[in-house]
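Structure, as structure tokens:
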Amino acid sequence: MNPYKETVDWLDRRIGIRALLHQQLTGYLLPRNINIWYTMGAVLMAMFGLQFLTGILLLVYYVPDTEKAFASVTMIMNEVPYGWLIRYLHVVGSNLIIVFLLLHMLSVLYMGSYKRPRELTWVSGFILFNLGLVFCLTGYLLPWSQLSFWATTVATDAAGAIPIVGDFLIEFLRGGPSVGEATLGRFFALHVMGLPMAFLALVGFHLFCVRRIGISAPPFGEEYQPKLTYGFGHEEHPNGVPFHPHYTVKDLAVVFFALALLVAITFYAPWLFIPLDALTPADPFTTPEHIKPEWYFLWAYQTLKIFPSEFLGLAAQGAAMGFLAMLPFIDRGPERRPVKRPIFISLYLLGILLFVGLSMWGHYS
Ligand code: HEM
């Protein structure tokens, strides 16, 4: 008797598991020249999975109360067995997720795979990117350190520059005139409940779109030809390689590389993401000398500083994000080959330079 075969036979008679696995894994063909950039989505899923796990473990000891939050995080770090490891994995993981989100977005942009018929995949991805940023912003407040308190004060203050609704918005975000107990309550609720639920639903939709439409063929090589699609049709790759085991192995290799990077930073350089002001409890009466946001918000922070008014700075940021969100509806030609899209690629490089330049300027200013 073979228990493995017996179980699969049992499942096969109930839910047709063999046909399902064949359809979704071995019989699902991917383009032959698929490259490593297509593994970023799997890396993101693995990293987010780990965030959920470490986040739930942190919740066992974390107390969302302005009087107790800092002490509870200090206890996790110093007294709970392996608490420091769980917390560092969560903090470093959140930063790496932003790195991988950016890489996933940049590769999709470079290969033009946001174009028709993948507009919904792009838009759902873009919302996921923003949810990732809000995850980080809300999580930043939870340890109730000097950094948490002042970074949140500055970030919520920026909303005040919006005409008419600005003051209302600040009060709405903070739950009062200044950052306090009510702010911690709403950020906590969002971070551990609201955002994860919205996130899971949206990831489900994103993956549904990817699978339903079919993976795009990399726009390189002799055989690639741009296609203009009209009606719906799943993109087939008849001469392709099976998703399993050919591509799952590649996916796993890159996932393990990302996990190795996470573990290396967690053990050898966690301070990269934990500045000194994160080590003192919040004090609303003492403003730290330099309050700087996390690296991925530095571009936004610097934009607000260089414009003559905060409102103009916010408008420029809104325009840039709005442009990115609507890109598949603006850039509608079928051509996806980078060499045949010189204007787009120039703008793409300019955008990267601007992001890096503004971030460095923000860091050193
Ligand atoms: C939690 C965040 C995300 C997860 C888990 C995720 C997951 C995935 C997965 C598994 C794939 C298929 C394989 C691949 O091309 O990597 C994919 C494809 C895609 N993603 Fe994402 N993604 C996320 C965020 C984003 C973001 C931020 C964008 C862009 C704004 C985006 C846009 C796309 C597009 C356009 C495709 C289609 C690629 C193609 O068919 O060639 N995704 N995503």
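Ordering of the structure tokens sets the chain letters (A, B, ...); residue numbers start at 1 within each chain; ligands are numbered from 1 in the order shown.
Contact shell of region 198-210 of chain A at 6 Å (only C-alpha atoms; same-chain neighbours under 4 positions omitted): Thr121, Ser124 and Gly214 of chain A.
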Show me which residues sit within 7 Å of ligand 1 when counting only C-alpha atoms and all ligand atoms, and put them as an NGL selection string.
:A and (37-42 or 44-45 or 48 or 101 or 104-105 or 108 or 113-114 or 118 or 121-123 or 125-129 or 203 or 206-207 or 210 or 214-217)
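Shortest atom-to-atom contact with Thr287 (chain A) among A:Leu102, A:Leu89, A:Leu50, A:Ala151: A:Ala151, counting only C-alpha atoms.
Distances here use only C-alpha atoms; by that measure, the residue among A:Ala282, A:Asp167, A:Lys115, A:Ile97 closest to Phe329 (chain A) is A:Lys115.
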DSSP on the backbone, then: every residue of region 7-254 of chain A marked strand (DSSP E), written as a compact mmCIF listing (two decimals) with all heavy atoms, in the first residue's frame.
# COMPACT_ATOMS: atom_id res chain seq x y z
N LEU A 29 1.87 26.46 -19.66
CA LEU A 29 3.14 26.74 -20.32
C LEU A 29 3.51 28.22 -20.26
O LEU A 29 2.66 29.09 -20.48
CB LEU A 29 3.09 26.28 -21.78
CG LEU A 29 2.81 24.80 -21.99
CD1 LEU A 29 2.85 24.46 -23.47
CD2 LEU A 29 3.80 23.93 -21.22
N LEU A 30 4.78 28.48 -19.96
CA LEU A 30 5.27 29.86 -19.91
C LEU A 30 6.21 30.10 -21.08
O LEU A 30 6.77 29.14 -21.63
CB LEU A 30 6.05 30.08 -18.61
CG LEU A 30 5.30 29.81 -17.30
CD1 LEU A 30 6.21 30.12 -16.12
CD2 LEU A 30 4.05 30.67 -17.22
N VAL A 241 7.70 26.48 -21.74
CA VAL A 241 8.17 25.50 -20.75
C VAL A 241 7.09 25.37 -19.67
O VAL A 241 6.41 26.34 -19.36
CB VAL A 241 9.50 25.94 -20.09
CG1 VAL A 241 10.65 25.84 -21.07
CG2 VAL A 241 9.40 27.35 -19.51
N PRO A 242 6.94 24.15 -19.08
CA PRO A 242 5.91 23.98 -18.03
C PRO A 242 6.23 24.86 -16.81
O PRO A 242 7.39 25.00 -16.43
CB PRO A 242 6.02 22.50 -17.66
CG PRO A 242 6.84 21.87 -18.71
CD PRO A 242 7.66 22.92 -19.37
May I have all residues of region 281-341 of chain A that DSSP, computed from the backbone, assigns to helix (DSSP H, G or I), given as a short mmCIF file (atom, residue, chain, number, x, y, z; two decimals) with C-alpha atoms, in the first residue's frame?
data_model
loop_
_atom_site.label_atom_id
_atom_site.label_comp_id
_atom_site.auth_asym_id
_atom_site.auth_seq_id
_atom_site.Cartn_x
_atom_site.Cartn_y
_atom_site.Cartn_z
CA TRP A 295 14.39 56.09 2.72
CA TYR A 296 11.39 55.36 0.48
CA PHE A 297 9.60 58.57 1.57
CA LEU A 298 12.71 60.80 1.24
CA TRP A 299 11.84 61.77 -2.35
CA ALA A 300 8.42 62.99 -1.19
CA TYR A 301 9.91 64.80 1.82
CA GLN A 302 12.45 66.60 -0.37
CA THR A 303 9.81 67.51 -2.99
CA LEU A 304 7.79 69.25 -0.27
CA LYS A 305 10.90 71.24 0.70
CA ILE A 306 11.96 72.45 -2.76
CA GLU A 310 3.71 72.71 0.47
CA PHE A 311 0.55 72.66 -1.60
CA LEU A 312 2.53 72.84 -4.86
CA GLY A 313 4.82 70.08 -3.60
CA LEU A 314 1.83 67.87 -2.78
CA ALA A 315 0.25 68.65 -6.16
CA ALA A 316 3.48 67.60 -7.95
CA GLN A 317 3.56 64.33 -5.98
CA GLY A 318 -0.12 63.69 -6.68
CA ALA A 319 0.42 64.35 -10.40
CA ALA A 320 3.40 61.95 -10.54
CA MET A 321 1.48 59.17 -8.74
CA GLY A 322 -1.68 59.81 -10.79
CA PHE A 323 0.36 59.60 -14.00
CA LEU A 324 1.86 56.26 -12.94
CA ALA A 325 -1.53 54.87 -11.89
CA LEU A 327 -0.05 54.85 -17.40
CA PRO A 328 -1.65 51.92 -19.32
CA PHE A 329 -4.46 54.27 -20.40
CA ILE A 330 -2.01 56.98 -21.53
CA PRO A 338 12.51 48.72 -25.07
CA VAL A 339 14.74 49.48 -28.10
CA LYS A 340 11.70 50.61 -30.08
#
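For the atom pair formed by CA of Glu67 (chain A) and CA of Thr266 (chain A), the distance is 28.1 Å, given to one decimal.
Here the question is which of A:Asn2, A:Asn78, A:Ser365, A:Ser94 gets nearest to Gly139 (chain A) using only C-alpha atoms, and that residue is A:Ser94.
Put simply, CA of Gly221 (chain A) is 28.6 Å away from CA of Met326 (chain A).
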10 Å contact set for Thr229 (chain A), only C-alpha atoms, chain neighbours under 4 positions out, as an NGL selection string:
:A and (116-117 or 233 or 235 or 334)
Given the selection you just returned, output its residues as a file containing C-alpha atoms, formatted as a compact mmCIF listing (two decimals), in the first residue's frame.
# COMPACT_ATOMS: atom_id res chain seq x y z
CA ARG A 116 -3.35 46.33 -22.89
CA PRO A 117 -4.80 43.79 -21.98
CA GLY A 233 -8.09 35.83 -25.11
CA GLU A 235 -2.13 34.56 -24.00
CA PRO A 334 1.17 47.87 -28.77
Could you list, as a short mmCIF file (atom, residue, chain, number, x, y, z; two decimals) with N, CA, C and O atoms, in the first residue's frame, every residue within 12 Å of Val73 (chain A), counting only C-alpha atoms and ignoring same-chain residues fewer than 4 positions away?
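To be explicit, this is the file written out as out_29.cif:
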data_model
loop_
_atom_site.label_atom_id
_atom_site.label_comp_id
_atom_site.auth_asym_id
_atom_site.auth_seq_id
_atom_site.Cartn_x
_atom_site.Cartn_y
_atom_site.Cartn_z
N LEU A 58 4.55 39.13 16.87
CA LEU A 58 4.78 40.38 17.61
C LEU A 58 3.53 40.78 18.40
O LEU A 58 3.61 41.29 19.52
N LEU A 59 2.36 40.49 17.79
CA LEU A 59 1.09 40.86 18.43
C LEU A 59 0.87 40.16 19.77
O LEU A 59 0.11 40.64 20.61
N VAL A 60 1.54 39.02 19.96
CA VAL A 60 1.36 38.27 21.21
C VAL A 60 1.78 39.14 22.41
O VAL A 60 1.16 39.11 23.46
N TYR A 61 2.84 39.97 22.23
CA TYR A 61 3.34 40.76 23.37
C TYR A 61 3.14 42.26 23.22
O TYR A 61 3.28 43.00 24.19
N TYR A 62 2.89 42.75 22.00
CA TYR A 62 2.78 44.19 21.78
C TYR A 62 1.49 44.74 22.42
O TYR A 62 0.43 44.10 22.34
N VAL A 63 1.57 45.92 23.07
CA VAL A 63 0.38 46.52 23.68
C VAL A 63 0.13 47.89 23.03
O VAL A 63 0.96 48.79 23.14
N PRO A 64 -1.02 48.06 22.34
CA PRO A 64 -1.26 49.34 21.63
C PRO A 64 -1.79 50.43 22.56
O PRO A 64 -2.93 50.85 22.47
N ASP A 65 -0.93 50.89 23.47
CA ASP A 65 -1.33 51.90 24.45
C ASP A 65 -0.14 52.84 24.59
O ASP A 65 1.00 52.36 24.75
N THR A 66 -0.38 54.15 24.53
CA THR A 66 0.77 55.08 24.52
C THR A 66 1.63 54.92 25.79
O THR A 66 2.81 55.22 25.77
N GLU A 67 1.02 54.49 26.89
CA GLU A 67 1.79 54.32 28.14
C GLU A 67 2.64 53.04 28.12
O GLU A 67 3.62 52.94 28.85
N LYS A 68 2.19 52.05 27.30
CA LYS A 68 2.83 50.73 27.40
C LYS A 68 3.53 50.26 26.13
O LYS A 68 4.30 49.29 26.17
N ALA A 69 3.25 50.91 24.98
CA ALA A 69 3.74 50.39 23.69
C ALA A 69 5.27 50.29 23.67
O ALA A 69 5.82 49.23 23.34
N MET A 77 12.23 42.88 22.64
CA MET A 77 13.64 42.89 22.22
C MET A 77 14.55 42.22 23.27
O MET A 77 15.51 41.54 22.92
N ASN A 78 14.28 42.47 24.57
CA ASN A 78 15.23 42.05 25.60
C ASN A 78 14.85 40.80 26.38
O ASN A 78 15.72 40.14 26.92
N GLU A 79 13.56 40.53 26.49
CA GLU A 79 13.17 39.42 27.38
C GLU A 79 12.51 38.24 26.69
O GLU A 79 12.74 37.10 27.08
N VAL A 80 11.69 38.52 25.69
CA VAL A 80 10.98 37.40 25.03
C VAL A 80 12.00 36.56 24.25
O VAL A 80 12.81 37.12 23.49
N GLY A 83 12.62 37.19 20.62
CA GLY A 83 11.77 38.33 20.29
C GLY A 83 12.51 39.30 19.38
O GLY A 83 11.96 39.82 18.41
N TRP A 84 13.81 39.51 19.68
CA TRP A 84 14.61 40.44 18.86
C TRP A 84 14.64 39.98 17.40
O TRP A 84 14.56 40.78 16.48
N ILE A 86 12.42 38.10 15.79
CA ILE A 86 11.11 38.29 15.14
C ILE A 86 10.93 39.76 14.77
O ILE A 86 10.50 40.11 13.67
N ARG A 87 11.31 40.66 15.72
CA ARG A 87 11.09 42.09 15.44
C ARG A 87 12.00 42.57 14.31
O ARG A 87 11.56 43.26 13.40
N TYR A 88 13.27 42.18 14.35
CA TYR A 88 14.18 42.62 13.29
C TYR A 88 13.75 42.07 11.93
O TYR A 88 13.82 42.76 10.92
N LEU A 141 4.50 53.99 13.57
CA LEU A 141 4.03 54.65 14.79
C LEU A 141 3.96 53.69 15.98
O LEU A 141 4.09 54.09 17.14
N LEU A 142 3.76 52.39 15.67
CA LEU A 142 3.40 51.45 16.73
C LEU A 142 4.40 51.36 17.90
O LEU A 142 3.96 51.26 19.05
N PRO A 143 5.74 51.40 17.68
CA PRO A 143 6.65 51.28 18.84
C PRO A 143 6.61 52.50 19.77
O PRO A 143 7.19 52.48 20.84
N TRP A 144 5.94 53.56 19.33
CA TRP A 144 5.79 54.78 20.12
C TRP A 144 7.15 55.31 20.61
O TRP A 144 7.34 55.67 21.77
N SER A 145 8.09 55.38 19.68
CA SER A 145 9.42 55.95 19.99
C SER A 145 9.40 57.42 19.58
O SER A 145 8.43 57.89 18.97
N ALA A 278 14.81 55.82 17.23
CA ALA A 278 13.85 54.73 17.45
C ALA A 278 14.11 54.07 18.80
O ALA A 278 13.34 53.23 19.24
N LEU A 279 15.22 54.46 19.46
CA LEU A 279 15.59 53.78 20.71
C LEU A 279 15.15 54.53 21.96
O LEU A 279 15.40 54.09 23.08
N THR A 280 14.53 55.73 21.77
CA THR A 280 14.04 56.47 22.94
C THR A 280 12.52 56.59 22.86
O THR A 280 11.96 56.74 21.77
N PRO A 281 11.86 56.55 24.04
CA PRO A 281 10.39 56.62 24.01
C PRO A 281 9.89 57.97 23.53
O PRO A 281 10.59 58.98 23.66
#
Distance criterion (only C-alpha atoms): nearest to Asp277 (chain A) out of A:Leu147, A:Val263, A:Ile15, A:Ala155:
A:Leu147
Between CA of Gly180 (chain A) and CA of Pro284 (chain A), what is the distance in Å, rounded to a tenth?
9.0 Å
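Compared by their closest atoms to Phe149 (chain A), and using only C-alpha atoms, the residues A:His244, A:His363, A:Lys292, A:Arg13 rank with A:Lys292 nearest.
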Nearest to Ile213 (chain A), restricted to only C-alpha atoms and choosing among A:Gly166, A:Leu184, A:Leu120, A:Ser107, comes out as A:Leu120
Distance query Arg186 (chain A) at most 10 Å, only C-alpha atoms, self and fewer than 5 positions along chain excluded, as a PyMOL selection string:
chain A and resi 138+172-175+181+191+194
Please, could you write that set of residues out with N, CA and C atoms as a compact mmCIF listing (two decimals), in the first residue's frame?
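Below you can see out.txt, which holds the result:
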# COMPACT_ATOMS: atom_id res chain seq x y z
N THR A 138 1.93 53.19 8.90
CA THR A 138 1.17 52.90 10.13
C THR A 138 2.02 52.09 11.11
N PHE A 172 -8.70 64.10 11.12
CA PHE A 172 -9.25 62.78 10.81
C PHE A 172 -8.15 61.71 10.94
N LEU A 173 -6.96 62.02 10.40
CA LEU A 173 -5.87 61.05 10.44
C LEU A 173 -5.40 60.82 11.87
N ARG A 174 -5.35 61.93 12.66
CA ARG A 174 -4.81 61.80 14.02
C ARG A 174 -5.87 61.44 15.05
N GLY A 175 -7.11 61.66 14.73
CA GLY A 175 -8.17 61.42 15.71
C GLY A 175 -8.18 62.50 16.77
N GLU A 181 -3.06 59.09 21.74
CA GLU A 181 -3.70 57.77 21.94
C GLU A 181 -4.62 57.39 20.76
N HIS A 191 -3.19 48.80 10.65
CA HIS A 191 -2.00 47.98 10.39
C HIS A 191 -2.27 46.48 10.57
N GLY A 194 -7.33 46.27 9.00
CA GLY A 194 -7.85 46.89 7.77
C GLY A 194 -6.95 46.61 6.57
